[in-house]
$ cat data_8.cif   # mmCIF, C-alpha atoms (C1' of nucleotides)
data_upload
loop_
_atom_site.label_atom_id
_atom_site.label_comp_id
_atom_site.auth_asym_id
_atom_site.auth_seq_id
_atom_site.Cartn_x
_atom_site.Cartn_y
_atom_site.Cartn_z
CA MET A 354 8.45 -111.00 45.93
CA ASP A 355 7.19 -111.40 42.38
CA ALA A 356 4.62 -114.17 42.15
CA ARG A 357 5.03 -114.76 38.43
CA ARG A 358 8.75 -115.10 38.75
CA LEU A 359 8.20 -117.64 41.49
CA ASP A 360 5.81 -119.54 39.26
CA GLU A 361 8.31 -119.79 36.45
CA LEU A 362 11.11 -120.51 38.86
CA PHE A 363 9.49 -123.43 40.66
CA ALA A 364 7.98 -124.77 37.46
CA ALA A 365 11.42 -124.69 35.86
CA LEU A 366 12.95 -126.53 38.80
CA GLY A 367 10.07 -128.99 38.85
CA ASP A 368 11.27 -130.91 35.84
CA PRO A 369 14.03 -133.42 36.66
CA GLY A 370 15.70 -132.87 33.32
CA ARG A 371 15.81 -129.12 33.75
CA ARG A 372 17.09 -129.39 37.29
CA SER A 373 19.78 -131.70 36.04
CA LEU A 374 20.71 -129.15 33.40
CA VAL A 375 21.05 -126.47 36.03
CA GLU A 376 23.31 -128.75 38.04
CA THR A 377 25.48 -129.53 35.03
CA VAL A 378 25.78 -125.89 34.02
CA ALA A 379 26.59 -125.13 37.64
CA GLU A 380 29.35 -127.74 37.71
CA ARG A 381 30.94 -126.67 34.46
CA GLY A 382 30.59 -122.96 35.01
CA SER A 383 29.08 -122.53 31.58
CA ALA A 384 27.80 -124.68 28.74
CA THR A 385 26.10 -124.58 25.34
CA ALA A 386 23.04 -126.50 24.21
CA THR A 387 25.15 -128.63 21.88
CA GLU A 388 27.63 -129.51 24.62
CA LEU A 389 24.88 -130.51 27.03
CA ALA A 390 22.97 -132.50 24.44
CA ALA A 391 26.09 -134.52 23.64
CA ASP A 392 25.84 -136.28 27.02
CA LEU A 393 22.08 -136.75 26.90
CA PRO A 394 19.77 -139.07 24.98
CA VAL A 395 17.83 -136.13 23.56
CA THR A 396 18.30 -133.76 20.67
CA ARG A 397 19.98 -130.39 20.83
CA GLN A 398 16.69 -128.63 20.18
CA ALA A 399 15.11 -130.29 23.20
CA VAL A 400 17.96 -129.05 25.39
CA ALA A 401 17.75 -125.61 23.81
CA LYS A 402 14.07 -125.40 24.73
CA GLN A 403 14.77 -126.33 28.32
CA LEU A 404 17.60 -123.83 28.52
CA ALA A 405 15.27 -121.17 27.15
CA ALA A 406 12.73 -122.00 29.85
CA LEU A 407 15.40 -121.81 32.53
CA ALA A 408 16.59 -118.50 31.13
CA ALA A 409 13.01 -117.19 31.10
CA ALA A 410 12.76 -118.15 34.76
CA GLY A 411 15.90 -116.14 35.39
CA LEU A 412 17.90 -119.14 36.54
CA LEU A 413 20.27 -118.98 33.61
CA HIS A 414 21.44 -116.21 31.35
CA ALA A 415 22.68 -116.59 27.80
CA THR A 416 25.63 -114.89 26.17
CA ARG A 417 26.14 -115.26 22.46
CA THR A 418 29.69 -114.90 21.21
CA GLY A 419 30.29 -115.72 17.60
CA ARG A 420 28.29 -118.80 16.75
CA GLU A 421 28.16 -120.03 20.33
CA THR A 422 25.48 -119.33 22.91
CA ARG A 423 26.83 -120.06 26.35
CA TYR A 424 24.65 -120.34 29.43
CA GLU A 425 25.62 -119.56 33.00
CA VAL A 426 23.80 -119.77 36.32
CA THR A 427 22.17 -116.72 37.84
CA PRO A 428 21.97 -117.34 41.57
CA GLY A 429 19.60 -114.51 42.46
CA PRO A 430 16.31 -116.31 41.81
CA LEU A 431 17.30 -119.17 44.08
CA GLU A 432 17.35 -116.71 46.93
CA GLU A 433 13.83 -115.62 46.10
CA ALA A 434 12.66 -119.21 46.20
CA VAL A 435 14.43 -119.81 49.48
CA ALA A 436 12.81 -116.69 50.89
CA TRP A 437 9.36 -117.93 49.91
CA MET A 438 9.90 -121.33 51.50
CA VAL A 439 11.23 -119.77 54.65
CA GLU A 440 8.23 -117.49 54.86
CA VAL A 441 5.71 -120.30 54.45
CA GLY A 442 7.51 -122.86 56.53
CA ALA A 443 8.76 -120.68 59.33
CA ARG A 444 5.63 -121.05 61.42
CA TRP A 445 6.06 -124.78 61.82
CA ASP A 446 9.72 -125.35 61.88
CA ASP A 447 12.19 -123.75 64.23
CA ARG A 448 15.15 -124.52 62.03
CA LEU A 449 13.57 -122.85 59.04
CA ALA A 450 12.62 -119.89 61.19
CA ALA A 451 16.19 -119.54 62.37
CA LEU A 452 17.34 -119.84 58.80
CA GLY A 453 14.97 -117.06 57.89
CA ARG A 454 16.46 -114.76 60.50
CA SER A 455 19.88 -115.62 59.20
CA LEU A 456 18.80 -114.70 55.68
CA GLU A 457 17.34 -111.41 56.86
CA GLN A 458 20.60 -110.52 58.57
CA ARG A 459 22.72 -111.18 55.53
CA ARG A 460 20.32 -109.26 53.33
CA GLY A 461 20.18 -106.22 55.52
CA MET B 1033 18.96 -136.19 49.24
CA ASP B 1034 16.26 -138.13 47.41
CA ALA B 1035 16.02 -137.00 43.80
CA ARG B 1036 12.50 -138.27 43.26
CA ARG B 1037 11.23 -136.49 46.32
CA LEU B 1038 12.82 -133.30 44.99
CA ASP B 1039 11.10 -133.85 41.66
CA GLU B 1040 7.68 -134.15 43.24
CA LEU B 1041 8.42 -131.32 45.60
CA PHE B 1042 9.46 -128.75 43.02
CA ALA B 1043 6.82 -129.89 40.59
CA ALA B 1044 4.20 -129.47 43.30
CA LEU B 1045 5.43 -125.98 44.11
CA GLY B 1046 5.62 -125.12 40.43
CA ASP B 1047 1.90 -124.68 40.03
CA PRO B 1048 0.63 -121.28 41.21
CA GLY B 1049 -2.63 -122.76 42.41
CA ARG B 1050 -0.91 -125.41 44.46
CA ARG B 1051 1.54 -122.94 45.97
CA SER B 1052 -1.39 -120.75 46.88
CA LEU B 1053 -3.05 -123.71 48.56
CA VAL B 1054 0.07 -124.34 50.62
CA GLU B 1055 0.08 -120.71 51.67
CA THR B 1056 -3.57 -120.79 52.67
CA VAL B 1057 -3.20 -124.01 54.62
CA ALA B 1058 -0.15 -122.49 56.25
CA GLU B 1059 -2.09 -119.38 57.28
CA ARG B 1060 -5.07 -121.27 58.67
CA GLY B 1061 -3.08 -124.01 60.33
CA SER B 1062 -5.27 -126.64 58.73
CA ALA B 1063 -8.01 -126.88 56.12
CA THR B 1064 -10.19 -129.30 54.19
CA ALA B 1065 -10.71 -129.53 50.45
CA THR B 1066 -14.28 -128.27 50.80
CA GLU B 1067 -13.23 -125.27 52.87
CA LEU B 1068 -10.51 -124.30 50.42
CA ALA B 1069 -12.72 -124.78 47.38
CA ALA B 1070 -15.32 -122.44 48.88
CA ASP B 1071 -13.00 -119.47 48.29
CA LEU B 1072 -11.87 -120.57 44.85
CA PRO B 1073 -13.46 -120.59 41.41
CA VAL B 1074 -12.86 -124.32 41.04
CA THR B 1075 -14.61 -127.44 42.20
CA ARG B 1076 -13.88 -129.34 45.37
CA GLN B 1077 -12.55 -132.27 43.38
CA ALA B 1078 -10.00 -130.07 41.66
CA VAL B 1079 -8.75 -128.86 45.03
CA ALA B 1080 -8.74 -132.40 46.36
CA LYS B 1081 -6.52 -133.48 43.48
CA GLN B 1082 -4.06 -130.68 44.16
CA LEU B 1083 -4.03 -131.46 47.85
CA ALA B 1084 -3.35 -135.10 47.03
CA ALA B 1085 -0.41 -134.04 44.87
CA LEU B 1086 0.94 -131.84 47.64
CA ALA B 1087 0.53 -134.68 50.12
CA ALA B 1088 2.32 -137.06 47.73
CA ALA B 1089 5.17 -134.57 47.59
CA GLY B 1090 5.28 -134.63 51.37
CA LEU B 1091 4.40 -130.96 51.72
CA LEU B 1092 1.08 -131.66 53.39
CA HIS B 1093 -0.23 -134.53 55.44
CA ALA B 1094 -3.86 -135.53 55.75
CA THR B 1095 -5.73 -136.58 58.86
CA ARG B 1096 -9.20 -137.99 58.51
CA THR B 1097 -11.47 -137.63 61.51
CA GLY B 1098 -15.07 -138.62 61.03
CA ARG B 1099 -16.15 -137.42 57.64
CA GLU B 1100 -13.57 -134.63 57.45
CA THR B 1101 -10.09 -134.83 55.95
CA ARG B 1102 -7.95 -132.02 57.27
CA TYR B 1103 -4.61 -131.07 55.75
CA GLU B 1104 -1.64 -129.51 57.52
CA VAL B 1105 1.78 -128.35 56.38
CA THR B 1106 4.82 -130.59 56.76
CA PRO B 1107 7.84 -128.28 56.80
CA GLY B 1108 10.51 -130.97 56.41
CA PRO B 1109 10.53 -131.15 52.60
CA LEU B 1110 11.00 -127.41 52.36
CA GLU B 1111 14.32 -127.86 54.07
CA GLU B 1112 15.34 -130.46 51.51
CA ALA B 1113 14.52 -128.05 48.72
CA VAL B 1114 16.43 -125.25 50.41
CA ALA B 1115 19.37 -127.58 50.83
CA TRP B 1116 19.38 -128.39 47.11
CA MET B 1117 19.27 -124.74 46.12
CA VAL B 1118 22.05 -123.88 48.51
CA GLU B 1119 24.18 -126.69 47.16
CA VAL B 1120 23.73 -125.67 43.54
CA GLY B 1121 23.85 -121.94 44.05
CA ALA B 1122 26.54 -121.70 46.66
CA ARG B 1123 29.36 -121.51 44.13
CA TRP B 1124 28.15 -118.24 42.68
CA ASP B 1125 26.60 -116.44 45.54
CA ASP B 1126 28.31 -115.63 48.79
CA ARG B 1127 25.06 -115.07 50.61
CA LEU B 1128 23.73 -118.48 49.62
CA ALA B 1129 27.01 -120.04 50.59
CA ALA B 1130 26.81 -118.43 54.01
CA LEU B 1131 23.24 -119.60 54.27
CA GLY B 1132 24.42 -123.11 53.48
CA ARG B 1133 26.95 -123.02 56.28
CA SER B 1134 24.22 -121.77 58.58
CA LEU B 1135 22.00 -124.68 57.55
CA GLU B 1136 24.79 -127.17 58.12
CA GLN B 1137 25.33 -125.85 61.62
CA ARG B 1138 21.70 -126.14 62.58
CA ARG B 1139 21.49 -129.62 61.13
CA GLY B 1140 24.50 -130.99 62.84
"C1'" DA C 745 34.69 -119.31 -1.88
"C1'" DC C 746 33.37 -123.57 0.26
"C1'" DT C 747 32.46 -126.73 3.93
"C1'" DA C 748 31.47 -127.76 8.56
"C1'" DT C 749 29.68 -126.14 12.79
"C1'" DA C 750 26.33 -123.93 15.88
"C1'" DC C 751 22.15 -121.92 16.31
"C1'" DG C 752 17.04 -120.48 16.01
"C1'" DC C 753 12.34 -120.97 14.33
"C1'" DA C 754 8.23 -123.56 13.07
"C1'" DA C 755 5.18 -127.47 12.56
"C1'" DC C 756 3.82 -131.85 14.19
"C1'" DT C 757 3.04 -135.69 17.64
"C1'" DG C 758 2.36 -138.28 21.89
"C1'" DA C 759 1.96 -137.82 26.76
"C1'" DT C 760 0.80 -135.42 30.77
"C1'" DT C 761 -2.37 -132.73 33.46
"C1'" DG C 762 -5.72 -129.42 35.44
"C1'" DG C 763 -10.34 -129.27 35.44
"C1'" DT C 764 -15.08 -131.01 35.03
"C1'" DT C 765 -19.18 -134.10 35.73
"C1'" DG C 766 -21.35 -138.12 37.68
"C1'" DC C 767 -21.76 -141.43 41.10
"C1'" DA C 768 -21.17 -144.27 45.23
"C1'" DC C 769 -19.87 -144.53 50.15
"C1'" DA C 770 -19.38 -142.95 54.93
"C1'" DT C 771 -20.70 -139.89 58.74
"C1'" DC C 772 -23.25 -136.53 61.53
"C1'" DG C 773 -27.67 -134.56 63.34
"C1'" DG C 774 -32.60 -134.50 63.64
"C1'" DC D 807 -34.12 -143.96 60.17
"C1'" DC D 808 -33.42 -140.41 56.91
"C1'" DG D 809 -31.74 -136.30 54.86
"C1'" DA D 810 -27.70 -133.43 54.64
"C1'" DT D 811 -22.80 -133.06 54.51
"C1'" DG D 812 -18.03 -134.49 53.28
"C1'" DT D 813 -15.19 -137.62 50.65
"C1'" DG D 814 -13.16 -140.54 47.18
"C1'" DC D 815 -13.01 -142.71 42.64
"C1'" DA D 816 -13.47 -142.89 37.61
"C1'" DA D 817 -14.30 -141.27 33.06
"C1'" DC D 818 -13.85 -137.63 30.09
"C1'" DC D 819 -12.17 -133.04 27.84
"C1'" DA D 820 -9.21 -129.22 26.70
"C1'" DA D 821 -4.87 -127.38 27.13
"C1'" DT D 822 -0.20 -127.56 27.82
"C1'" DC D 823 4.36 -129.54 27.02
"C1'" DA D 824 8.49 -132.31 26.03
"C1'" DG D 825 10.47 -134.08 22.26
"C1'" DT D 826 11.14 -134.75 17.27
"C1'" DT D 827 12.02 -133.49 12.38
"C1'" DG D 828 12.94 -130.18 8.87
"C1'" DC D 829 14.71 -125.99 7.29
"C1'" DG D 830 17.01 -121.52 7.02
"C1'" DT D 831 20.85 -118.60 8.69
"C1'" DA D 832 25.18 -117.07 10.58
"C1'" DT D 833 30.00 -117.87 11.87
"C1'" DA D 834 34.68 -120.26 11.81
"C1'" DG D 835 38.26 -122.55 9.49
"C1'" DT D 836 40.67 -124.01 5.36
#

$ encode --input "data_8.cif" --output "C-alpha cells"
Amino acid sequence: MDARRLDELFAALGDPGRRSLVETVAERGSATATELAADLPVTRQAVAKQLAALAAAGLLHATRTGRETRYEVTPGPLEEAVAWMVEVGARWDDRLAALGRSLEQRRG
Amino acid sequence: MDARRLDELFAALGDPGRRSLVETVAERGSATATELAADLPVTRQAVAKQLAALAAAGLLHATRTGRETRYEVTPGPLEEAVAWMVEVGARWDDRLAALGRSLEQRRG
DNA sequence: ACTATACGCAACTGATTGGTTGCACATCGG
DNA sequence: CCGATGTGCAACCAATCAGTTGCGTATAGT
C-alpha cells in the first residue's frame, strides 16, 4: 500500500467540493471542467484545479479529444482507501473485520 | 449519511501525520498526547491539536482520568467512509459493488 | 480566414492550518 | 504542602491552498 498515494487520495476526498465533483463525474459517467463549472458558483479554472488534484490522486483520469478534456472516475484508488480503513479498524469492529475478509477473498 | 461528518472524516484522514496517529493509537489500543509526542519530532501541543481534530471527526474518543487524557479509536466513522466509497465507486468496479452488497448484508 | 469555444499556465489574494511558544490550571507522589 | 507531571487555552508565524483575473493557444464551425 503506497503511503503517498493514500495521502493524496484522502486529502483529495477531504474537500467537500472535490468529493462533490467526484460524485457528479460518477453520476454523469464523464464530464469536462467547463460543464461542471456551469452548475457551480465558481470559475472554470477553480474546477480545473480541483480536477487536476483528483487526477493526481488517481481518482480521475483525463482524456483530451480535440479541444475537450473529459474526466472519468478511476475506481482502483477507492479500494486502496477501503483496504487501509479495514486494516486499521478491523481490530475494534467485527463488521469491518468481516468486510476485510470479504475483500481479501474477492482480491485473491 | 451525514455530509459534514464525511467532510471532517476525510479531511482528518487526509493528513499523513493524523493518519499515522490513528494507526499508532490503533496499535497501542490507547495513548495520550504526551506519549505520542515522545516518539515524534513535534511538540505535545501539536499532537494534541491533531488528536482534537480526529476526535471532532469522530475517529477517536477521549477519556480523561485524573490528569491523563487517553484516546482510543472509534471504528464507526470508518464504516461511513467505506459506505460512501462503495456507493460512488460501485458503478465502475465489480469488486467494490460486491463489497457494497456484503456491507448491506452485514448492516441489515 | 475568422469567430467562438475550450483549455492551460501564471501571478495575485484572502483564508485556512500545522506548528510553535508561553502561560495557567489540575493532579499525583513525596 | 510542594515540586513534578499532564493538560488545555491563546497568541503568533510560516506555509499551504482555494479561488480569482488575465493572457496565450489550440480546435471547431461557418

$ resolve_selection --input "data_8.cif" --expression "the PyMOL selection byres ((chain C) within 12 of (chain A))" --output "VMD selection string"
chain C and resid 749 to 753

$ axis_aligned_box --input "data_8.cif" --around "stretch 419-436 of chain A" --padding-each-side "5 Å" --output "lines of an AutoDock Vina configuration file"
center_x = 21.5
center_y = -117.4
center_z = 33.8
size_x = 27.6
size_y = 15.8
size_z = 44.1

$ resolve_selection --input "data_8.cif" --expression "the PyMOL selection byres ((chain D) within 9 of (chain B))" --output "ChimeraX atom specification"
/D:811-813

$ write_last_selection --input "data_8.cif" --atoms "C-alpha atoms (C1' of nucleotides)" --output "CSV table (one decimal), keeping the file's coordinate frame"
chain,number,residue,atom,x,y,z
D,811,DT,C1',-22.8,-133.1,54.5
D,812,DG,C1',-18.0,-134.5,53.3
D,813,DT,C1',-15.2,-137.6,50.6

$ residues_around --input "data_8.cif" --residues "B:Ala1113" --least-positions-apart "5" --cutoff "8 Å" --atoms "only C-alpha atoms (C1' of nucleotides)" --output "ChimeraX atom specification"
/B:1038,1041-1042

$ write_last_selection --input "data_8.cif" --atoms "C-alpha atoms" --output "mmCIF file, in the coordinates of the input"
data_model
loop_
_atom_site.group_PDB
_atom_site.id
_atom_site.type_symbol
_atom_site.label_atom_id
_atom_site.label_comp_id
_atom_site.auth_asym_id
_atom_site.auth_seq_id
_atom_site.Cartn_x
_atom_site.Cartn_y
_atom_site.Cartn_z
ATOM 1 C CA LEU B 1038 12.820 -133.300 44.990
ATOM 2 C CA LEU B 1041 8.420 -131.320 45.600
ATOM 3 C CA PHE B 1042 9.460 -128.750 43.020
#

$ interface_residues --input "data_8.cif" --of "chain A" --to "chain B" --cutoff "9 Å" --atoms "only C-alpha atoms" --output "ChimeraX atom specification"
/A:356-357,359-369,372,375-376,379-380,426-429,431-432,434-435,438-439,441-446,448-449,451-452,455-456,459-460

$ atom_distance --input "data_8.cif" --atom1 "atom CA of B:Ala1085" --atom2 "atom CA of B:Asp1071"
19.6 Å

$ atom_distance --input "data_8.cif" --atom1 "atom CA of A:Arg381" --atom2 "atom CA of B:Glu1112"
23.4 Å

$ resolve_selection --input "data_8.cif" --expression "the PyMOL selection byres ((chain C and resi 754) around 12)" --output "list in words"
DG752, DC753, DA755 and DC756 of chain C; DT827, DG828, DC829 and DG830 of chain D

$ residues_around --input "data_8.cif" --residues "C:DG774" --least-positions-apart "5" --cutoff "12 Å" --atoms "all atoms listed in the file" --output "list in words"
DC807, DC808, DG809 and DA810 of chain D

$ atom_distance --input "data_8.cif" --atom1 "atom CA of A:Ser373" --atom2 "atom CA of A:Val400"
11.1 Å

$ residues_around --input "data_8.cif" --residues "D:DG825" --least-positions-apart "6" --cutoff "9 Å" --atoms "only C-alpha atoms (C1' of nucleotides)" --output "VMD selection string"
(chain A and resid 395 to 396 398 to 399) or (chain C and resid 757)

$ residues_around --input "data_8.cif" --residues "A:Arg423" --least-positions-apart "3" --cutoff "6 Å" --atoms "all atoms listed in the file" --output "list in words"
Ala384, Thr385, Ala415 and Thr416 of chain A

$ build_atoms --input "data_8.cif" --residues "stretch 1093-1124 of chain B" --atoms "N, CA and C atoms" --output "PDB file, keeping the file's coordinate frame"
ATOM      1  N   HIS B1093       0.176-133.186  55.019  1.00  0.00           N
ATOM      2  CA  HIS B1093      -0.230-134.530  55.440  1.00  0.00           C
ATOM      3  C   HIS B1093      -1.691-134.462  55.858  1.00  0.00           C
ATOM      4  N   ALA B1094      -2.420-135.501  55.526  1.00  0.00           N
ATOM      5  CA  ALA B1094      -3.860-135.530  55.750  1.00  0.00           C
ATOM      6  C   ALA B1094      -4.192-136.319  57.007  1.00  0.00           C
ATOM      7  N   THR B1095      -5.229-135.865  57.694  1.00  0.00           N
ATOM      8  CA  THR B1095      -5.730-136.580  58.860  1.00  0.00           C
ATOM      9  C   THR B1095      -7.244-136.650  58.755  1.00  0.00           C
ATOM     10  N   ARG B1096      -7.759-137.851  58.633  1.00  0.00           N
ATOM     11  CA  ARG B1096      -9.200-137.990  58.510  1.00  0.00           C
ATOM     12  C   ARG B1096      -9.820-138.265  59.869  1.00  0.00           C
ATOM     13  N   THR B1097     -10.746-137.427  60.262  1.00  0.00           N
ATOM     14  CA  THR B1097     -11.470-137.630  61.510  1.00  0.00           C
ATOM     15  C   THR B1097     -12.948-137.515  61.177  1.00  0.00           C
ATOM     16  N   GLY B1098     -13.664-138.598  61.390  1.00  0.00           N
ATOM     17  CA  GLY B1098     -15.070-138.620  61.030  1.00  0.00           C
ATOM     18  C   GLY B1098     -15.215-138.510  59.542  1.00  0.00           C
ATOM     19  N   ARG B1099     -16.000-137.567  59.095  1.00  0.00           N
ATOM     20  CA  ARG B1099     -16.150-137.420  57.640  1.00  0.00           C
ATOM     21  C   ARG B1099     -15.281-136.306  57.084  1.00  0.00           C
ATOM     22  N   GLU B1100     -14.447-135.716  57.904  1.00  0.00           N
ATOM     23  CA  GLU B1100     -13.570-134.630  57.450  1.00  0.00           C
ATOM     24  C   GLU B1100     -12.155-135.143  57.196  1.00  0.00           C
ATOM     25  N   THR B1101     -11.504-134.561  56.193  1.00  0.00           N
ATOM     26  CA  THR B1101     -10.090-134.830  55.950  1.00  0.00           C
ATOM     27  C   THR B1101      -9.349-133.517  56.008  1.00  0.00           C
ATOM     28  N   ARG B1102      -8.661-133.281  57.087  1.00  0.00           N
ATOM     29  CA  ARG B1102      -7.950-132.020  57.270  1.00  0.00           C
ATOM     30  C   ARG B1102      -6.497-132.146  56.842  1.00  0.00           C
ATOM     31  N   TYR B1103      -5.994-131.075  56.211  1.00  0.00           N
ATOM     32  CA  TYR B1103      -4.610-131.070  55.750  1.00  0.00           C
ATOM     33  C   TYR B1103      -3.810-130.050  56.557  1.00  0.00           C
ATOM     34  N   GLU B1104      -2.558-130.422  56.843  1.00  0.00           N
ATOM     35  CA  GLU B1104      -1.640-129.510  57.520  1.00  0.00           C
ATOM     36  C   GLU B1104      -0.314-129.496  56.770  1.00  0.00           C
ATOM     37  N   VAL B1105       0.492-128.484  57.056  1.00  0.00           N
ATOM     38  CA  VAL B1105       1.780-128.350  56.380  1.00  0.00           C
ATOM     39  C   VAL B1105       2.830-129.222  57.053  1.00  0.00           C
ATOM     40  N   THR B1106       3.661-129.859  56.258  1.00  0.00           N
ATOM     41  CA  THR B1106       4.820-130.590  56.760  1.00  0.00           C
ATOM     42  C   THR B1106       6.066-129.845  56.313  1.00  0.00           C
ATOM     43  N   PRO B1107       6.748-129.182  57.206  1.00  0.00           N
ATOM     44  CA  PRO B1107       7.840-128.280  56.800  1.00  0.00           C
ATOM     45  C   PRO B1107       9.107-129.010  56.367  1.00  0.00           C
ATOM     46  N   GLY B1108       9.283-130.257  56.729  1.00  0.00           N
ATOM     47  CA  GLY B1108      10.510-130.970  56.410  1.00  0.00           C
ATOM     48  C   GLY B1108      10.975-130.851  54.975  1.00  0.00           C
ATOM     49  N   PRO B1109      10.120-131.185  54.005  1.00  0.00           N
ATOM     50  CA  PRO B1109      10.530-131.150  52.600  1.00  0.00           C
ATOM     51  C   PRO B1109      11.051-129.794  52.160  1.00  0.00           C
ATOM     52  N   LEU B1110      10.523-128.735  52.729  1.00  0.00           N
ATOM     53  CA  LEU B1110      11.000-127.410  52.360  1.00  0.00           C
ATOM     54  C   LEU B1110      12.493-127.288  52.642  1.00  0.00           C
ATOM     55  N   GLU B1111      12.899-127.909  53.750  1.00  0.00           N
ATOM     56  CA  GLU B1111      14.320-127.860  54.070  1.00  0.00           C
ATOM     57  C   GLU B1111      15.148-128.592  53.034  1.00  0.00           C
ATOM     58  N   GLU B1112      14.624-129.721  52.562  1.00  0.00           N
ATOM     59  CA  GLU B1112      15.340-130.460  51.510  1.00  0.00           C
ATOM     60  C   GLU B1112      15.540-129.579  50.288  1.00  0.00           C
ATOM     61  N   ALA B1113      14.456-128.903  49.910  1.00  0.00           N
ATOM     62  CA  ALA B1113      14.520-128.050  48.720  1.00  0.00           C
ATOM     63  C   ALA B1113      15.523-126.922  48.927  1.00  0.00           C
ATOM     64  N   VAL B1114      15.479-126.323  50.106  1.00  0.00           N
ATOM     65  CA  VAL B1114      16.430-125.250  50.410  1.00  0.00           C
ATOM     66  C   VAL B1114      17.844-125.783  50.313  1.00  0.00           C
ATOM     67  N   ALA B1115      18.035-126.994  50.843  1.00  0.00           N
ATOM     68  CA  ALA B1115      19.370-127.580  50.830  1.00  0.00           C
ATOM     69  C   ALA B1115      19.867-127.747  49.390  1.00  0.00           C
ATOM     70  N   TRP B1116      18.986-128.194  48.507  1.00  0.00           N
ATOM     71  CA  TRP B1116      19.380-128.390  47.110  1.00  0.00           C
ATOM     72  C   TRP B1116      19.804-127.057  46.494  1.00  0.00           C
ATOM     73  N   MET B1117      18.973-126.048  46.714  1.00  0.00           N
ATOM     74  CA  MET B1117      19.270-124.740  46.120  1.00  0.00           C
ATOM     75  C   MET B1117      20.592-124.202  46.638  1.00  0.00           C
ATOM     76  N   VAL B1118      20.801-124.362  47.931  1.00  0.00           N
ATOM     77  CA  VAL B1118      22.050-123.880  48.510  1.00  0.00           C
ATOM     78  C   VAL B1118      23.224-124.591  47.865  1.00  0.00           C
ATOM     79  N   GLU B1119      23.077-125.900  47.706  1.00  0.00           N
ATOM     80  CA  GLU B1119      24.180-126.690  47.160  1.00  0.00           C
ATOM     81  C   GLU B1119      24.526-126.243  45.742  1.00  0.00           C
ATOM     82  N   VAL B1120      23.494-126.039  44.934  1.00  0.00           N
ATOM     83  CA  VAL B1120      23.730-125.670  43.540  1.00  0.00           C
ATOM     84  C   VAL B1120      24.198-124.223  43.417  1.00  0.00           C
ATOM     85  N   GLY B1121      23.590-123.361  44.214  1.00  0.00           N
ATOM     86  CA  GLY B1121      23.850-121.940  44.050  1.00  0.00           C
ATOM     87  C   GLY B1121      25.034-121.419  44.827  1.00  0.00           C
ATOM     88  N   ALA B1122      25.527-122.214  45.740  1.00  0.00           N
ATOM     89  CA  ALA B1122      26.540-121.700  46.660  1.00  0.00           C
ATOM     90  C   ALA B1122      27.796-121.204  45.937  1.00  0.00           C
ATOM     91  N   ARG B1123      28.109-121.840  44.802  1.00  0.00           N
ATOM     92  CA  ARG B1123      29.360-121.510  44.130  1.00  0.00           C
ATOM     93  C   ARG B1123      29.374-120.080  43.590  1.00  0.00           C
ATOM     94  N   TRP B1124      28.197-119.552  43.310  1.00  0.00           N
ATOM     95  CA  TRP B1124      28.150-118.240  42.680  1.00  0.00           C
ATOM     96  C   TRP B1124      27.763-117.101  43.597  1.00  0.00           C
TER      97      TRP B1124
END
